[in-house]
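File shown here: data17.pdb, holding PDB, C-alpha atoms, pLDDT in the B column.
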ATOM      1  CA  MET A   2      70.923 -89.984   1.027  1.00 53.00           C
ATOM      2  CA  ALA A   3      68.033 -88.200   2.761  1.00 56.00           C
ATOM      3  CA  SER A   4      66.373 -87.392  -0.556  1.00 57.00           C
ATOM      4  CA  SER A   5      66.611 -91.072  -1.507  1.00 55.00           C
ATOM      5  CA  ALA A   6      64.805 -92.039   1.707  1.00 55.00           C
ATOM      6  CA  ARG A   7      62.102 -89.438   1.025  1.00 58.00           C
ATOM      7  CA  ALA A   8      61.658 -90.749  -2.512  1.00 52.00           C
ATOM      8  CA  GLY A   9      61.346 -94.289  -1.182  1.00 53.00           C
ATOM      9  CA  ALA A  10      58.764 -93.157   1.364  1.00 50.00           C
ATOM     10  CA  ARG A  11      56.746 -91.409  -1.356  1.00 52.00           C
ATOM     11  CA  THR A  12      56.846 -94.537  -3.511  1.00 54.00           C
ATOM     12  CA  ASP A  13      55.679 -96.630  -0.550  1.00 54.00           C
ATOM     13  CA  GLN A  14      52.840 -94.175   0.167  1.00 60.00           C
ATOM     14  CA  THR A  15      51.817 -94.200  -3.487  1.00 61.00           C
ATOM     15  CA  TYR A  16      51.810 -98.001  -3.514  1.00 53.00           C
ATOM     16  CA  ARG A  17      49.725 -98.168  -0.315  1.00 66.00           C
ATOM     17  CA  ALA A  18      47.275 -95.570  -1.627  1.00 71.00           C
ATOM     18  CA  ALA A  19      46.811 -97.536  -4.850  1.00 77.00           C
ATOM     19  CA  GLY A  20      46.285-100.732  -2.840  1.00 86.00           C
ATOM     20  CA  LEU A  21      43.743 -99.021  -0.597  1.00 92.00           C
ATOM     21  CA  GLN A  22      41.941 -97.626  -3.655  1.00 93.00           C
ATOM     22  CA  GLU A  23      41.726-101.071  -5.251  1.00 94.00           C
ATOM     23  CA  PHE A  24      40.707-102.819  -2.017  1.00 95.00           C
ATOM     24  CA  ALA A  25      38.005-100.260  -1.203  1.00 95.00           C
ATOM     25  CA  GLY A  26      36.622-100.580  -4.737  1.00 95.00           C
ATOM     26  CA  TRP A  27      36.420-104.355  -4.335  1.00 95.00           C
ATOM     27  CA  ILE A  28      34.623-103.966  -0.983  1.00 96.00           C
ATOM     28  CA  GLU A  29      32.164-101.531  -2.566  1.00 96.00           C
ATOM     29  CA  GLU A  30      31.348-104.065  -5.286  1.00 95.00           C
ATOM     30  CA  LEU A  31      30.723-106.725  -2.634  1.00 94.00           C
ATOM     31  CA  LEU A  32      28.509-104.375  -0.642  1.00 95.00           C
ATOM     32  CA  ARG A  33      26.390-103.489  -3.661  1.00 94.00           C
ATOM     33  CA  ALA A  34      26.102-107.156  -4.667  1.00 93.00           C
ATOM     34  CA  ARG A  35      24.831-107.982  -1.176  1.00 91.00           C
ATOM     35  CA  GLY A  36      22.239-105.215  -1.145  1.00 93.00           C
ATOM     36  CA  TYR A  37      23.968-102.561   0.945  1.00 94.00           C
ATOM     37  CA  ASP A  38      22.936 -99.115  -0.282  1.00 94.00           C
ATOM     38  CA  ILE A  39      26.212 -97.230  -0.192  1.00 92.00           C
ATOM     39  CA  ASP A  40      25.549 -94.905  -3.120  1.00 91.00           C
ATOM     40  CA  SER A  41      22.698 -92.697  -1.932  1.00 87.00           C
ATOM     41  CA  PRO A  42      23.414 -90.156   0.807  1.00 83.00           C
ATOM     42  CA  ARG A  43      20.693 -91.532   3.084  1.00 87.00           C
ATOM     43  CA  GLY A  44      20.924 -95.180   2.035  1.00 83.00           C
ATOM     44  CA  GLY A  45      22.365 -96.283   5.339  1.00 92.00           C
ATOM     45  CA  GLY A  46      24.520 -99.028   3.823  1.00 93.00           C
ATOM     46  CA  ARG A  47      27.674 -97.959   5.638  1.00 93.00           C
ATOM     47  CA  SER A  48      25.921 -97.863   8.999  1.00 94.00           C
ATOM     48  CA  LYS A  49      24.188-101.168   8.317  1.00 95.00           C
ATOM     49  CA  LEU A  50      27.495-102.845   7.454  1.00 96.00           C
ATOM     50  CA  ALA A  51      29.081-101.461  10.632  1.00 96.00           C
ATOM     51  CA  ASP A  52      26.132-102.683  12.715  1.00 96.00           C
ATOM     52  CA  ASP A  53      26.033-106.100  11.019  1.00 95.00           C
ATOM     53  CA  ALA A  54      29.772-106.568  11.509  1.00 95.00           C
ATOM     54  CA  GLY A  55      29.855-105.088  15.006  1.00 96.00           C
ATOM     55  CA  VAL A  56      32.526-102.537  14.081  1.00 96.00           C
ATOM     56  CA  HIS A  57      32.777 -98.774  14.396  1.00 95.00           C
ATOM     57  CA  ARG A  58      31.032 -96.817  11.678  1.00 95.00           C
ATOM     58  CA  ALA A  59      34.117 -94.630  11.404  1.00 95.00           C
ATOM     59  CA  ALA A  60      36.207 -97.659  10.371  1.00 96.00           C
ATOM     60  CA  VAL A  61      33.781 -98.431   7.536  1.00 96.00           C
ATOM     61  CA  SER A  62      33.686 -94.773   6.471  1.00 94.00           C
ATOM     62  CA  ARG A  63      37.485 -94.454   6.502  1.00 95.00           C
ATOM     63  CA  LEU A  64      37.774 -97.545   4.310  1.00 96.00           C
ATOM     64  CA  LEU A  65      35.132 -96.493   1.800  1.00 95.00           C
ATOM     65  CA  GLN A  66      36.544 -92.954   1.672  1.00 94.00           C
ATOM     66  CA  ARG A  67      39.988 -94.477   0.962  1.00 94.00           C
ATOM     67  CA  GLN A  68      41.497 -92.954   4.105  1.00 94.00           C
ATOM     68  CA  SER A  69      42.740 -96.064   5.898  1.00 93.00           C
ATOM     69  CA  MET A  70      42.832 -99.829   5.790  1.00 93.00           C
ATOM     70  CA  PRO A  71      40.805-101.561   8.521  1.00 94.00           C
ATOM     71  CA  ASP A  72      42.627-103.371  11.301  1.00 93.00           C
ATOM     72  CA  LEU A  73      42.713-107.168  11.321  1.00 91.00           C
ATOM     73  CA  GLU A  74      39.720-107.645  13.646  1.00 93.00           C
ATOM     74  CA  THR A  75      37.568-105.232  11.635  1.00 94.00           C
ATOM     75  CA  MET A  76      38.621-106.987   8.445  1.00 93.00           C
ATOM     76  CA  ARG A  77      37.741-110.369   9.953  1.00 91.00           C
ATOM     77  CA  ARG A  78      34.276-109.176  10.958  1.00 94.00           C
ATOM     78  CA  ILE A  79      33.569-107.534   7.595  1.00 95.00           C
ATOM     79  CA  ALA A  80      34.729-110.689   5.790  1.00 91.00           C
ATOM     80  CA  ALA A  81      32.282-112.766   7.836  1.00 92.00           C
ATOM     81  CA  VAL A  82      29.363-110.442   7.070  1.00 93.00           C
ATOM     82  CA  LEU A  83      30.172-110.301   3.366  1.00 91.00           C
ATOM     83  CA  GLY A  84      30.715-114.059   3.159  1.00 90.00           C
ATOM     84  CA  VAL A  85      34.286-113.723   1.936  1.00 88.00           C
ATOM     85  CA  PRO A  86      37.140-115.866   3.237  1.00 89.00           C
ATOM     86  CA  LEU A  87      39.465-113.890   5.488  1.00 89.00           C
ATOM     87  CA  ARG A  88      42.346-115.229   3.394  1.00 88.00           C
ATOM     88  CA  GLU A  89      40.986-113.426   0.348  1.00 90.00           C
ATOM     89  CA  MET A  90      40.470-110.201   2.323  1.00 90.00           C
ATOM     90  CA  LEU A  91      44.044-110.272   3.602  1.00 89.00           C
ATOM     91  CA  ILE A  92      45.477-110.921   0.164  1.00 90.00           C
ATOM     92  CA  ARG A  93      43.344-108.326  -1.615  1.00 92.00           C
ATOM     93  CA  SER A  94      44.145-105.755   1.070  1.00 92.00           C
ATOM     94  CA  GLY A  95      47.852-106.267   0.413  1.00 89.00           C
ATOM     95  CA  ARG A  96      48.540-107.266   4.016  1.00 87.00           C
ATOM     96  CA  LEU A  97      49.635-110.748   2.971  1.00 86.00           C
ATOM     97  CA  THR A  98      50.408-112.528  -0.271  1.00 85.00           C
ATOM     98  CA  GLU A  99      49.208-115.836  -1.644  1.00 85.00           C
ATOM     99  CA  ASP A 100      52.659-117.196  -0.770  1.00 84.00           C
ATOM    100  CA  ASP A 101      52.079-116.145   2.846  1.00 83.00           C
ATOM    101  CA  LEU A 102      48.762-118.040   2.923  1.00 79.00           C
ATOM    102  CA  PRO A 103      49.122-120.998   0.556  1.00 79.00           C
ATOM    103  CA  LEU A 104      46.220-123.291  -0.146  1.00 73.00           C
ATOM    104  CA  THR A 105      46.976-126.972   0.261  1.00 63.00           C
ATOM    105  CA  GLY A 106      44.508-128.590  -2.093  1.00 52.00           C
ATOM    106  CA  ALA A 107      41.495-127.483  -0.049  1.00 48.00           C
ATOM    107  CA  GLY A 108      42.441-129.854   2.752  1.00 48.00           C
ATOM    108  CA  ARG A 109      42.899-132.907   0.552  1.00 48.00           C
ATOM    109  CA  PRO A 110      46.106-134.906   0.836  1.00 46.00           C
ATOM    110  CA  ALA A 111      48.685-134.479  -1.890  1.00 49.00           C
ATOM    111  CA  ASP A 112      49.790-137.626  -3.700  1.00 51.00           C
ATOM    112  CA  GLY A 113      51.957-139.633  -1.323  1.00 51.00           C
ATOM    113  CA  GLU A 114      51.230-137.365   1.622  1.00 50.00           C
ATOM    114  CA  GLU A 115      50.471-139.295   4.786  1.00 53.00           C
ATOM    115  CA  HIS A 116      49.459-136.501   7.171  1.00 50.00           C
ATOM    116  CA  PRO A 117      47.718-133.799   5.132  1.00 57.00           C
ATOM    117  CA  TRP A 118      46.285-131.897   8.099  1.00 68.00           C
ATOM    118  CA  LEU A 119      47.875-130.132  11.001  1.00 73.00           C
ATOM    119  CA  SER A 120      47.104-131.396  14.451  1.00 80.00           C
ATOM    120  CA  PRO A 121      45.109-128.948  16.558  1.00 84.00           C
ATOM    121  CA  GLU A 122      48.276-128.338  18.592  1.00 84.00           C
ATOM    122  CA  GLU A 123      50.313-127.582  15.446  1.00 81.00           C
ATOM    123  CA  ALA A 124      47.564-125.278  14.188  1.00 80.00           C
ATOM    124  CA  ALA A 125      47.505-123.430  17.504  1.00 77.00           C
ATOM    125  CA  CYS A 126      51.271-122.884  17.335  1.00 76.00           C
ATOM    126  CA  ARG A 127      51.205-121.699  13.712  1.00 77.00           C
ATOM    127  CA  MET A 128      48.288-119.377  14.414  1.00 78.00           C
ATOM    128  CA  GLY A 129      50.069-117.780  17.346  1.00 78.00           C
ATOM    129  CA  VAL A 130      47.675-118.980  20.036  1.00 76.00           C
ATOM    130  CA  PRO A 131      49.321-118.151  23.386  1.00 82.00           C
ATOM    131  CA  PRO A 132      50.868-121.235  25.030  1.00 82.00           C
ATOM    132  CA  GLU A 133      48.520-121.099  27.998  1.00 86.00           C
ATOM    133  CA  LEU A 134      45.491-121.341  25.650  1.00 85.00           C
ATOM    134  CA  ARG A 135      46.751-123.992  23.235  1.00 82.00           C
ATOM    135  CA  GLU A 136      45.312-126.959  25.124  1.00 88.00           C
ATOM    136  CA  LEU A 137      41.894-125.311  25.253  1.00 89.00           C
ATOM    137  CA  PHE A 138      42.148-124.438  21.551  1.00 85.00           C
ATOM    138  CA  ALA A 139      43.022-128.053  20.696  1.00 86.00           C
ATOM    139  CA  ARG A 140      40.090-129.444  22.712  1.00 89.00           C
ATOM    140  CA  VAL A 141      37.625-127.099  21.033  1.00 86.00           C
ATOM    141  CA  ALA A 142      39.070-127.740  17.563  1.00 85.00           C
ATOM    142  CA  ARG A 143      38.776-131.518  18.022  1.00 83.00           C
ATOM    143  CA  GLN A 144      35.020-131.137  18.471  1.00 85.00           C
ATOM    144  CA  PHE A 145      34.787-130.071  14.820  1.00 78.00           C
ATOM    145  CA  LEU A 146      37.034-132.748  13.343  1.00 75.00           C
ATOM    146  CA  PRO A 147      35.724-135.956  11.797  1.00 71.00           C
ATOM    147  CA  GLU A 148      36.179-139.157  13.814  1.00 68.00           C
ATOM    148  CA  GLY A 149      39.682-140.561  13.576  1.00 61.00           C
ATOM    149  CA  ALA A 150      41.217-137.364  12.244  1.00 55.00           C
TER
END
Show this structure as structure tokens.
Amino acid sequence: MASSARAGARTDQTYRAAGLQEFAGWIEELLRARGYDIDSPRGGGRSKLADDAGVHRAAVSRLLQRQSMPDLETMRRIAAVLGVPLREMLIRSGRLTEDDLPLTGAGRPADGEEHPWLSPEEAACRMGVPPELRELFARVARQFLPEGA
């Protein structure tokens, strides 16, 4: 039984390492496409990304050296700098699947659907906004909604 658990752990580690390898390669392609010099030893692209995103340089280095996956906040900041939707980052990183983050017709109502959008209160609940902050979240969110929505 113990050897079975060890084998399962090795398989899980192998899977995570392959996912990290693939994700880091994708990030490198994005960095190069956006002009970050990550290939020359003194290019400064890693440091520039860290500075632009407001994250620790070590987090960027660990990702690009395939040592560890960034935490959610680091991923969010890098996504913003690279102009990539956080949804895509989370899916490509293997943290979530497309089923976990379904698209609903890019915000357009489905045929016969009366209420295609979540209310700000519903969104706050689904996003895990703490109860004491949900009213504030809803007020701020309403500022960005079209009239009558």
**Study point:** Selection near Asp53 (chain A), 10 Å with all atoms listed in the file, sequence-local residues under 3 positions removed, as a count of residues only
**Key:** 10
Point to revise | Hits of the PyMOL selection byres ((chain A and resi 25) around 9) in this structure, as a ChimeraX atom specification | key: /A:20-24,26-30,64-67,70,94
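You will find CA of Leu32 (chain A) at 18.5 Å from CA of Glu74 (chain A).
With distances restricted to all atoms listed in the file, A:Arg88 is the closest residue to Asp100 (chain A) from A:Pro131, A:Arg88, A:Ser69, A:Ala18.
Shortest separation to Pro103 (chain A) among A:Ser120, A:Ala34, A:Ala54, A:Glu89 occurs at residue A:Glu89, atoms counted being all atoms listed in the file.
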Review point. What is the CA of Arg93 (chain A) to CA of Pro42 (chain A) distance in Å?
Key: 27.1 Å
Point to revise | Length of the CA of Gly84 (chain A) to CA of Asp40 (chain A) vector [Å] | key: 20.8 Å
Expected selection from the PyMOL selection byres ((chain A and resi 136) around 12), given as a tab-separated table (two decimals) with C-alpha atoms, keeping the file's coordinate frame:
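The result, stored in out-v7.tsv:
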chain	number	residue	atom	x	y	z
A	120	SER	CA	47.10	-131.40	14.45
A	121	PRO	CA	45.11	-128.95	16.56
A	122	GLU	CA	48.28	-128.34	18.59
A	123	GLU	CA	50.31	-127.58	15.45
A	124	ALA	CA	47.56	-125.28	14.19
A	125	ALA	CA	47.50	-123.43	17.50
A	126	CYS	CA	51.27	-122.88	17.34
A	130	VAL	CA	47.68	-118.98	20.04
A	131	PRO	CA	49.32	-118.15	23.39
A	132	PRO	CA	50.87	-121.24	25.03
A	133	GLU	CA	48.52	-121.10	28.00
A	134	LEU	CA	45.49	-121.34	25.65
A	135	ARG	CA	46.75	-123.99	23.24
A	137	LEU	CA	41.89	-125.31	25.25
A	138	PHE	CA	42.15	-124.44	21.55
A	139	ALA	CA	43.02	-128.05	20.70
A	140	ARG	CA	40.09	-129.44	22.71
A	141	VAL	CA	37.62	-127.10	21.03
A	142	ALA	CA	39.07	-127.74	17.56
A	143	ARG	CA	38.78	-131.52	18.02
Revision key, fill the gap. Closest of A:Val61, A:Leu146, A:Met76, A:Ala51 to Leu91 (chain A), counting all atoms listed in the file, is A:Met76
